[in-house]
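The file run21.cif comes next; it holds mmCIF, C-alpha atoms.
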```cif
data_query
loop_
_atom_site.group_PDB
_atom_site.id
_atom_site.type_symbol
_atom_site.label_atom_id
_atom_site.label_comp_id
_atom_site.auth_asym_id
_atom_site.auth_seq_id
_atom_site.Cartn_x
_atom_site.Cartn_y
_atom_site.Cartn_z
ATOM 1 C CA MET A 32 -109.867 5.449 -30.073
ATOM 2 C CA SER A 33 -109.702 1.717 -30.475
ATOM 3 C CA ARG A 34 -111.203 -0.472 -27.775
ATOM 4 C CA TRP A 35 -110.048 -3.760 -29.279
ATOM 5 C CA VAL A 36 -107.416 -4.574 -26.637
ATOM 6 C CA LEU A 37 -109.763 -3.973 -23.691
ATOM 7 C CA VAL A 38 -112.451 -6.153 -25.151
ATOM 8 C CA VAL A 39 -110.024 -8.973 -25.949
ATOM 9 C CA ALA A 40 -109.170 -9.294 -22.249
ATOM 10 C CA ILE A 41 -112.849 -9.530 -21.370
ATOM 11 C CA VAL A 42 -113.614 -11.988 -24.158
ATOM 12 C CA ALA A 43 -110.637 -14.179 -23.320
ATOM 13 C CA LEU A 44 -111.847 -14.556 -19.746
ATOM 14 C CA GLY A 45 -114.788 -16.662 -20.781
ATOM 15 C CA SER A 46 -116.263 -16.128 -24.174
ATOM 16 C CA GLY A 47 -114.834 -18.976 -26.094
ATOM 17 C CA ALA A 48 -111.287 -18.913 -24.759
ATOM 18 C CA VAL A 49 -111.850 -22.386 -23.379
ATOM 19 C CA PRO A 50 -113.332 -24.972 -25.703
ATOM 20 C CA ALA A 51 -116.830 -26.077 -24.757
ATOM 21 C CA GLN A 52 -115.699 -29.625 -25.376
ATOM 22 C CA ALA A 53 -112.422 -31.450 -25.607
ATOM 23 C CA PRO A 54 -110.520 -30.904 -28.834
ATOM 24 C CA SER A 55 -111.280 -33.536 -31.431
ATOM 25 C CA GLY A 56 -107.817 -33.569 -32.935
ATOM 26 C CA ASP A 57 -108.846 -31.069 -35.614
ATOM 27 C CA SER A 58 -106.431 -28.169 -35.285
ATOM 28 C CA THR A 59 -108.287 -25.893 -37.702
ATOM 29 C CA PRO A 60 -108.449 -22.449 -36.138
ATOM 30 C CA PRO A 61 -111.955 -21.092 -35.620
ATOM 31 C CA GLU A 62 -113.389 -18.618 -38.067
ATOM 32 C CA ILE A 63 -112.951 -15.138 -36.630
ATOM 33 C CA LEU A 64 -115.745 -12.620 -36.966
ATOM 34 C CA ARG A 65 -114.780 -8.962 -36.883
ATOM 35 C CA ILE A 66 -117.435 -6.649 -35.509
ATOM 36 C CA ASP A 67 -116.945 -3.099 -36.739
ATOM 37 C CA GLY A 68 -118.990 -0.732 -34.577
ATOM 38 C CA GLY A 69 -118.774 1.928 -37.263
ATOM 39 C CA LYS A 70 -120.744 -0.317 -39.629
ATOM 40 C CA ASN A 71 -122.789 -2.410 -37.178
ATOM 41 C CA PRO A 72 -123.071 -0.647 -33.803
ATOM 42 C CA GLU A 73 -126.032 -2.856 -32.905
ATOM 43 C CA LEU A 74 -123.618 -5.812 -32.651
ATOM 44 C CA ILE A 75 -121.672 -4.134 -29.840
ATOM 45 C CA PRO A 76 -123.205 -5.523 -26.644
ATOM 46 C CA GLN A 77 -124.595 -3.107 -24.098
ATOM 47 C CA TRP A 78 -122.419 -4.574 -21.340
ATOM 48 C CA SER A 79 -119.342 -3.783 -23.422
ATOM 49 C CA ALA A 80 -120.366 -0.243 -24.357
ATOM 50 C CA TRP A 81 -121.412 0.665 -20.814
ATOM 51 C CA GLY A 82 -118.311 -0.940 -19.316
ATOM 52 C CA PHE A 83 -116.166 1.166 -21.624
ATOM 53 C CA ALA A 84 -118.118 4.330 -20.772
ATOM 54 C CA PHE A 85 -117.673 3.685 -17.051
ATOM 55 C CA ARG A 86 -113.919 3.168 -17.598
ATOM 56 C CA VAL A 87 -113.694 6.462 -19.478
ATOM 57 C CA ILE A 88 -115.575 8.313 -16.748
ATOM 58 C CA ALA A 89 -113.562 6.744 -13.902
ATOM 59 C CA GLY A 90 -110.195 7.124 -15.593
ATOM 60 C CA GLY A 91 -107.954 9.932 -16.692
ATOM 61 C CA SER A 92 -109.198 13.365 -15.732
ATOM 62 C CA ARG A 93 -112.308 11.904 -14.065
ATOM 63 C CA GLU A 94 -114.483 14.295 -15.987
ATOM 64 C CA LEU A 95 -117.857 13.524 -17.465
ATOM 65 C CA PRO A 96 -118.238 13.794 -21.224
ATOM 66 C CA SER A 97 -119.188 17.393 -21.982
ATOM 67 C CA VAL A 98 -122.515 16.336 -23.487
ATOM 68 C CA VAL A 99 -123.402 14.877 -20.068
ATOM 69 C CA TYR A 100 -121.605 17.361 -17.824
ATOM 70 C CA HIS A 101 -123.669 20.313 -19.043
ATOM 71 C CA VAL A 102 -127.038 18.698 -18.261
ATOM 72 C CA VAL A 103 -126.525 17.030 -14.877
ATOM 73 C CA SER A 104 -126.389 18.457 -11.380
ATOM 74 C CA LYS A 105 -123.287 18.261 -9.198
ATOM 75 C CA ASP A 106 -124.967 15.530 -7.140
ATOM 76 C CA GLU A 107 -125.783 13.541 -10.289
ATOM 77 C CA ALA A 108 -122.212 13.948 -11.552
ATOM 78 C CA ALA A 109 -120.839 12.721 -8.210
ATOM 79 C CA MET A 110 -123.208 9.732 -8.265
ATOM 80 C CA LEU A 111 -122.119 8.846 -11.807
ATOM 81 C CA LEU A 112 -118.454 8.989 -10.796
ATOM 82 C CA ARG A 113 -119.153 6.754 -7.770
ATOM 83 C CA GLU A 114 -120.880 4.178 -9.966
ATOM 84 C CA ALA A 115 -118.054 4.312 -12.510
ATOM 85 C CA ASP A 116 -115.505 3.795 -9.734
ATOM 86 C CA ALA A 117 -117.513 0.912 -8.306
ATOM 87 C CA ILE A 118 -117.620 -0.806 -11.697
ATOM 88 C CA GLN A 119 -113.835 -0.523 -11.977
ATOM 89 C CA LYS A 120 -113.491 -2.349 -8.659
ATOM 90 C CA ILE A 121 -116.014 -4.971 -9.761
ATOM 91 C CA ASP A 122 -114.193 -5.475 -13.069
ATOM 92 C CA LYS A 123 -110.876 -5.903 -11.270
ATOM 93 C CA ALA A 124 -112.404 -8.408 -8.852
ATOM 94 C CA CYS A 125 -114.020 -10.286 -11.748
ATOM 95 C CA LEU A 126 -110.717 -10.539 -13.589
ATOM 96 C CA GLU A 127 -108.975 -11.775 -10.445
ATOM 97 C CA ARG A 128 -111.726 -14.338 -9.839
ATOM 98 C CA GLY A 129 -111.475 -15.495 -13.460
ATOM 99 C CA LEU A 130 -107.725 -15.944 -13.273
ATOM 100 C CA LYS A 131 -108.065 -17.800 -9.979
ATOM 101 C CA LEU A 132 -110.773 -20.047 -11.436
ATOM 102 C CA HIS A 133 -108.651 -20.749 -14.480
ATOM 103 C CA SER A 134 -105.594 -21.670 -12.452
ATOM 104 C CA SER A 135 -107.552 -23.812 -9.983
ATOM 105 C CA LEU A 136 -109.569 -25.664 -12.637
ATOM 106 C CA ALA A 137 -107.062 -25.741 -15.496
ATOM 107 C CA ARG A 138 -106.371 -29.431 -15.039
ATOM 108 C CA THR A 139 -110.022 -30.415 -14.766
ATOM 109 C CA ASP A 140 -112.548 -31.122 -17.460
ATOM 110 C CA THR A 141 -112.593 -28.147 -19.839
ATOM 111 C CA ALA A 142 -116.404 -28.201 -19.831
ATOM 112 C CA VAL A 143 -116.422 -27.559 -16.079
ATOM 113 C CA LEU A 144 -113.975 -24.675 -16.424
ATOM 114 C CA ASP A 145 -115.884 -23.262 -19.369
ATOM 115 C CA ALA A 146 -119.196 -23.372 -17.485
ATOM 116 C CA ARG A 147 -117.726 -21.663 -14.427
ATOM 117 C CA LEU A 148 -116.063 -18.932 -16.495
ATOM 118 C CA ARG A 149 -119.291 -18.348 -18.415
ATOM 119 C CA GLU A 150 -121.205 -18.037 -15.143
ATOM 120 C CA LEU A 151 -118.647 -15.525 -13.832
ATOM 121 C CA ASN A 152 -118.700 -13.538 -17.074
ATOM 122 C CA LEU A 153 -122.471 -13.268 -17.037
ATOM 123 C CA GLU A 154 -122.492 -12.214 -13.385
ATOM 124 C CA CYS A 155 -119.950 -9.473 -14.059
ATOM 125 C CA ARG A 156 -121.708 -8.257 -17.190
ATOM 126 C CA ARG A 157 -125.009 -8.099 -15.301
ATOM 127 C CA ARG A 158 -123.381 -5.980 -12.617
ATOM 128 C CA THR A 159 -122.352 -3.487 -15.289
ATOM 129 C CA LEU A 160 -125.892 -3.453 -16.660
ATOM 130 C CA ASP A 161 -127.294 -3.044 -13.151
ATOM 131 C CA ALA A 162 -125.036 -0.015 -12.654
ATOM 132 C CA ARG A 163 -126.291 1.369 -15.960
ATOM 133 C CA ASP A 164 -129.879 0.956 -14.808
ATOM 134 C CA ARG A 165 -129.205 2.630 -11.431
ATOM 135 C CA VAL A 166 -127.480 5.563 -13.094
ATOM 136 C CA LEU A 167 -130.164 6.100 -15.721
ATOM 137 C CA GLU A 168 -132.887 5.928 -13.070
ATOM 138 C CA ALA A 169 -131.098 8.473 -10.854
ATOM 139 C CA LEU A 170 -130.330 11.014 -13.582
ATOM 140 C CA ASN A 171 -132.724 13.675 -14.764
ATOM 141 C CA PRO A 172 -134.276 12.792 -18.146
ATOM 142 C CA GLU A 173 -131.995 15.119 -20.113
ATOM 143 C CA GLY A 174 -128.905 13.761 -18.331
ATOM 144 C CA ALA A 175 -129.977 10.162 -18.938
ATOM 145 C CA ALA A 176 -130.569 10.872 -22.632
ATOM 146 C CA ALA A 177 -127.171 12.584 -22.943
ATOM 147 C CA LEU A 178 -125.405 9.676 -21.256
ATOM 148 C CA ILE A 179 -127.135 7.152 -23.506
ATOM 149 C CA MET A 180 -126.113 9.229 -26.531
ATOM 150 C CA PHE A 181 -122.498 9.252 -25.326
ATOM 151 C CA VAL A 182 -122.442 5.488 -24.724
ATOM 152 C CA GLU A 183 -123.995 4.750 -28.110
ATOM 153 C CA SER A 184 -121.461 7.056 -29.788
ATOM 154 C CA THR A 185 -118.570 5.008 -28.380
ATOM 155 C CA LYS A 186 -119.744 1.991 -30.348
ATOM 156 C CA ARG A 187 -118.696 3.483 -33.681
ATOM 157 C CA ASP A 188 -115.039 3.456 -32.570
ATOM 158 C CA THR A 189 -115.165 -0.131 -31.390
ATOM 159 C CA SER A 190 -113.711 -3.077 -33.245
ATOM 160 C CA ILE A 191 -114.052 -6.554 -31.795
ATOM 161 C CA SER A 192 -112.761 -9.876 -33.058
ATOM 162 C CA VAL A 193 -114.491 -12.965 -31.737
ATOM 163 C CA PRO A 194 -114.638 -16.575 -32.921
ATOM 164 C CA ARG A 195 -117.843 -17.007 -34.925
ATOM 165 C CA ASN A 196 -118.828 -20.011 -32.812
ATOM 166 C CA ALA A 197 -118.605 -17.817 -29.658
ATOM 167 C CA LEU A 198 -120.635 -14.865 -30.966
ATOM 168 C CA ALA A 199 -123.907 -15.721 -29.213
ATOM 169 C CA ARG A 200 -122.056 -16.177 -25.958
ATOM 170 C CA PHE A 201 -120.169 -12.905 -26.428
ATOM 171 C CA LEU A 202 -123.437 -11.010 -26.876
ATOM 172 C CA GLU A 203 -124.950 -12.397 -23.633
ATOM 173 C CA PRO A 204 -126.821 -11.285 -21.600
ATOM 174 C CA GLU A 205 -128.150 -8.613 -23.957
#
```
What's the structure tokens form of this structure?
Amino acid sequence: MSRWVLVVAIVALGSGAVPAQAPSGDSTPPEILRIDGGKNPELIPQWSAWGFAFRVIAGGSRELPSVVYHVVSKDEAAMLLREADAIQKIDKACLERGLKLHSSLARTDTAVLDARLRELNLECRRRTLDARDRVLEALNPEGAAALIMFVESTKRDTSISVPRNALARFLEPE
């Protein structure tokens, strides 16, 4: 399963899609860094991995990964599904806010637009990480460990392309 397309939409919303400063006339395309989760899973940000896991849980058959399903209670499973659903709504709202920001500030100074998109991106990523923290705190220890194992396993199937000069920003906040 390749997650490249999903991550591109997130990255384009504010991780280098808008130049931090006005173009200098140099039309040289930025150097693109390819992050292969199979080789370097530690370079896949937690916000990205957990966001993907929540999308998997909320989508399709709405079933927990079997490694998690077998070690959580029905109440824990229901709570995990609620959090996954909530993150989908948050992600949708974040995307809509980003598009609205972009259209309303497109004709302004690119630095202003870039700063506002970065702020929005970080807020949305933190909300995913907050959901992760709530879920892990609410699960029994075996369920939490199984969920972490599942999330970490998704990194090996992830491939992300990001401009090298936007890597630090892409990895924020953790």
Inset, instruction - Would you translate the PyMOL selection byres ((chain A and resi 74-82) around 9) into the concrete set of residues it matches in this file, as a ChimeraX atom specification? - result: /A:38,41,66-68,71-73,83-87,115,118-119,122,156-160,162-163,182-183,185-186,189-191,201-205
Inset, instruction - Run the PyMOL selection byres ((chain A and resi 61) around 10) on the file and write out the hits as a PyMOL selection string. - result: chain A and resi 58-60+62-64+193-197
Inset, instruction - Would you list the residues near (-132.1, 6.0, -11.5), meaning any protein, DNA or RNA residue with an atom at most 12 Å from that point in file coordinates, counting only C-alpha atoms, as a PyMOL selection string? - result: chain A and resi 107+110-111+114+161-172+174-175
Emit the selected residues as an mmCIF file, in the frame of the given file, including C-alpha atoms.
```
data_model
loop_
_atom_site.group_PDB
_atom_site.id
_atom_site.type_symbol
_atom_site.label_atom_id
_atom_site.label_comp_id
_atom_site.auth_asym_id
_atom_site.auth_seq_id
_atom_site.Cartn_x
_atom_site.Cartn_y
_atom_site.Cartn_z
ATOM 1 C CA GLU A 107 -125.783 13.541 -10.289
ATOM 2 C CA MET A 110 -123.208 9.732 -8.265
ATOM 3 C CA LEU A 111 -122.119 8.846 -11.807
ATOM 4 C CA GLU A 114 -120.880 4.178 -9.966
ATOM 5 C CA ASP A 161 -127.294 -3.044 -13.151
ATOM 6 C CA ALA A 162 -125.036 -0.015 -12.654
ATOM 7 C CA ARG A 163 -126.291 1.369 -15.960
ATOM 8 C CA ASP A 164 -129.879 0.956 -14.808
ATOM 9 C CA ARG A 165 -129.205 2.630 -11.431
ATOM 10 C CA VAL A 166 -127.480 5.563 -13.094
ATOM 11 C CA LEU A 167 -130.164 6.100 -15.721
ATOM 12 C CA GLU A 168 -132.887 5.928 -13.070
ATOM 13 C CA ALA A 169 -131.098 8.473 -10.854
ATOM 14 C CA LEU A 170 -130.330 11.014 -13.582
ATOM 15 C CA ASN A 171 -132.724 13.675 -14.764
ATOM 16 C CA PRO A 172 -134.276 12.792 -18.146
ATOM 17 C CA GLY A 174 -128.905 13.761 -18.331
ATOM 18 C CA ALA A 175 -129.977 10.162 -18.938
#
```
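Our summary of the geometry notes that CA of Ser97 (chain A) is positioned 29.7 Å from CA of Ala124 (chain A).
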Legend entry - Residue contacts of region 132-137 of chain A (9 Å, only C-alpha atoms) excluding same-chain residues fewer than 6 positions away, as a list in words: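 Close residues of region 132-137 of chain A: Leu44, Val143, Leu144, Arg147 and Leu148 of chain A.
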Legend entry - Atomic distance CA of Met180 (chain A) - CA of Arg93 (chain A), expressed in Å with one decimal: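 Interatomic distance here is 18.8 Å.
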Inset, instruction - For Pro96 (chain A), work out the shell of residues within 9 Å, counting all atoms listed in the file and skipping chain neighbours fewer than 2 positions away, then give it as a PyMOL selection string. - result: chain A and resi 87-88+94+98-101+178+181
Could you write out that same residue set with C-alpha atoms as a compact mmCIF listing (two decimals), in the coordinates of the input?
```
# COMPACT_ATOMS: atom_id res chain seq x y z
CA VAL A 87 -113.69 6.46 -19.48
CA ILE A 88 -115.58 8.31 -16.75
CA GLU A 94 -114.48 14.30 -15.99
CA VAL A 98 -122.52 16.34 -23.49
CA VAL A 99 -123.40 14.88 -20.07
CA TYR A 100 -121.60 17.36 -17.82
CA HIS A 101 -123.67 20.31 -19.04
CA LEU A 178 -125.40 9.68 -21.26
CA PHE A 181 -122.50 9.25 -25.33
```
Legend entry - Nearest to Arg187 (chain A) by atom-to-atom distance, counting only C-alpha atoms, from A:Lys120, A:Leu130, A:Glu154, A:Lys70: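 Going through A:Lys120, A:Leu130, A:Glu154, A:Lys70 one by one, the smallest distance to Arg187 (chain A) is for A:Lys70.
CA of Ala108 (chain A) is found 14.6 Å from CA of Ile179 (chain A).
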Give the centre and edge lengths of an axis-aligned box, in Å to one decimal, that holds all listed atoms of region 164-170 of chain A with 4 Å on each side, as AutoDock Vina command-line options.
```
--center_x -130.2 --center_y 6.0 --center_z -13.3 --size_x 13.4 --size_y 18.1 --size_z 12.9
```
Output as a tab-separated table (two decimals), in the frame of the given file: region 169-192 of chain A, completed with N, CA, C and O atoms.
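Below is the file that was written, part00.tsv:
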```
chain	number	residue	atom	x	y	z
A	169	ALA	N	-131.41	7.37	-11.77
A	169	ALA	CA	-131.10	8.47	-10.85
A	169	ALA	C	-130.89	9.82	-11.56
A	169	ALA	O	-131.01	10.87	-10.94
A	170	LEU	N	-130.57	9.77	-12.84
A	170	LEU	CA	-130.33	11.01	-13.58
A	170	LEU	C	-131.63	11.67	-14.01
A	170	LEU	O	-132.64	10.98	-14.24
A	171	ASN	N	-131.57	12.97	-14.18
A	171	ASN	CA	-132.72	13.68	-14.76
A	171	ASN	C	-132.87	13.20	-16.20
A	171	ASN	O	-131.91	12.67	-16.79
A	172	PRO	N	-134.05	13.33	-16.79
A	172	PRO	CA	-134.28	12.79	-18.15
A	172	PRO	C	-133.28	13.31	-19.19
A	172	PRO	O	-132.81	12.53	-20.03
A	173	GLU	N	-132.94	14.57	-19.13
A	173	GLU	CA	-132.00	15.12	-20.11
A	173	GLU	C	-130.59	14.54	-19.90
A	173	GLU	O	-129.88	14.21	-20.86
A	174	GLY	N	-130.21	14.35	-18.63
A	174	GLY	CA	-128.90	13.76	-18.33
A	174	GLY	C	-128.84	12.31	-18.77
A	174	GLY	O	-127.84	11.86	-19.33
A	175	ALA	N	-129.92	11.57	-18.52
A	175	ALA	CA	-129.98	10.16	-18.94
A	175	ALA	C	-129.88	10.05	-20.45
A	175	ALA	O	-129.13	9.21	-20.98
A	176	ALA	N	-130.61	10.90	-21.16
A	176	ALA	CA	-130.57	10.87	-22.63
A	176	ALA	C	-129.17	11.22	-23.15
A	176	ALA	O	-128.68	10.59	-24.09
A	177	ALA	N	-128.52	12.19	-22.52
A	177	ALA	CA	-127.17	12.58	-22.94
A	177	ALA	C	-126.18	11.46	-22.69
A	177	ALA	O	-125.31	11.19	-23.53
A	178	LEU	N	-126.32	10.78	-21.56
A	178	LEU	CA	-125.40	9.68	-21.26
A	178	LEU	C	-125.61	8.52	-22.23
A	178	LEU	O	-124.64	7.94	-22.73
A	179	ILE	N	-126.85	8.20	-22.52
A	179	ILE	CA	-127.14	7.15	-23.51
A	179	ILE	C	-126.53	7.52	-24.85
A	179	ILE	O	-125.91	6.68	-25.52
A	180	MET	N	-126.68	8.77	-25.25
A	180	MET	CA	-126.11	9.23	-26.53
A	180	MET	C	-124.59	9.07	-26.53
A	180	MET	O	-124.00	8.60	-27.51
A	181	PHE	N	-123.95	9.42	-25.41
A	181	PHE	CA	-122.50	9.25	-25.33
A	181	PHE	C	-122.11	7.78	-25.46
A	181	PHE	O	-121.22	7.43	-26.24
A	182	VAL	N	-122.77	6.92	-24.69
A	182	VAL	CA	-122.44	5.49	-24.72
A	182	VAL	C	-122.63	4.93	-26.13
A	182	VAL	O	-121.77	4.22	-26.65
A	183	GLU	N	-123.74	5.24	-26.75
A	183	GLU	CA	-124.00	4.75	-28.11
A	183	GLU	C	-122.95	5.27	-29.09
A	183	GLU	O	-122.56	4.56	-30.01
A	184	SER	N	-122.47	6.49	-28.88
A	184	SER	CA	-121.46	7.06	-29.79
A	184	SER	C	-120.13	6.32	-29.68
A	184	SER	O	-119.35	6.30	-30.64
A	185	THR	N	-119.84	5.73	-28.53
A	185	THR	CA	-118.57	5.01	-28.38
A	185	THR	C	-118.53	3.74	-29.23
A	185	THR	O	-117.46	3.25	-29.55
A	186	LYS	N	-119.69	3.23	-29.58
A	186	LYS	CA	-119.74	1.99	-30.35
A	186	LYS	C	-119.11	2.15	-31.72
A	186	LYS	O	-118.53	1.20	-32.24
A	187	ARG	N	-119.21	3.31	-32.31
A	187	ARG	CA	-118.70	3.48	-33.68
A	187	ARG	C	-117.17	3.39	-33.75
A	187	ARG	O	-116.61	3.15	-34.81
A	188	ASP	N	-116.50	3.57	-32.61
A	188	ASP	CA	-115.04	3.46	-32.57
A	188	ASP	C	-114.58	2.11	-32.03
A	188	ASP	O	-113.42	1.94	-31.69
A	189	THR	N	-115.48	1.17	-31.96
A	189	THR	CA	-115.16	-0.13	-31.39
A	189	THR	C	-115.00	-1.17	-32.49
A	189	THR	O	-115.80	-1.23	-33.41
A	190	SER	N	-113.95	-1.96	-32.34
A	190	SER	CA	-113.71	-3.08	-33.24
A	190	SER	C	-113.42	-4.29	-32.39
A	190	SER	O	-112.56	-4.24	-31.51
A	191	ILE	N	-114.17	-5.36	-32.61
A	191	ILE	CA	-114.05	-6.55	-31.80
A	191	ILE	C	-113.87	-7.76	-32.71
A	191	ILE	O	-114.58	-7.90	-33.70
A	192	SER	N	-112.94	-8.62	-32.35
A	192	SER	CA	-112.76	-9.88	-33.06
A	192	SER	C	-113.14	-10.99	-32.11
A	192	SER	O	-112.67	-11.04	-30.97
```
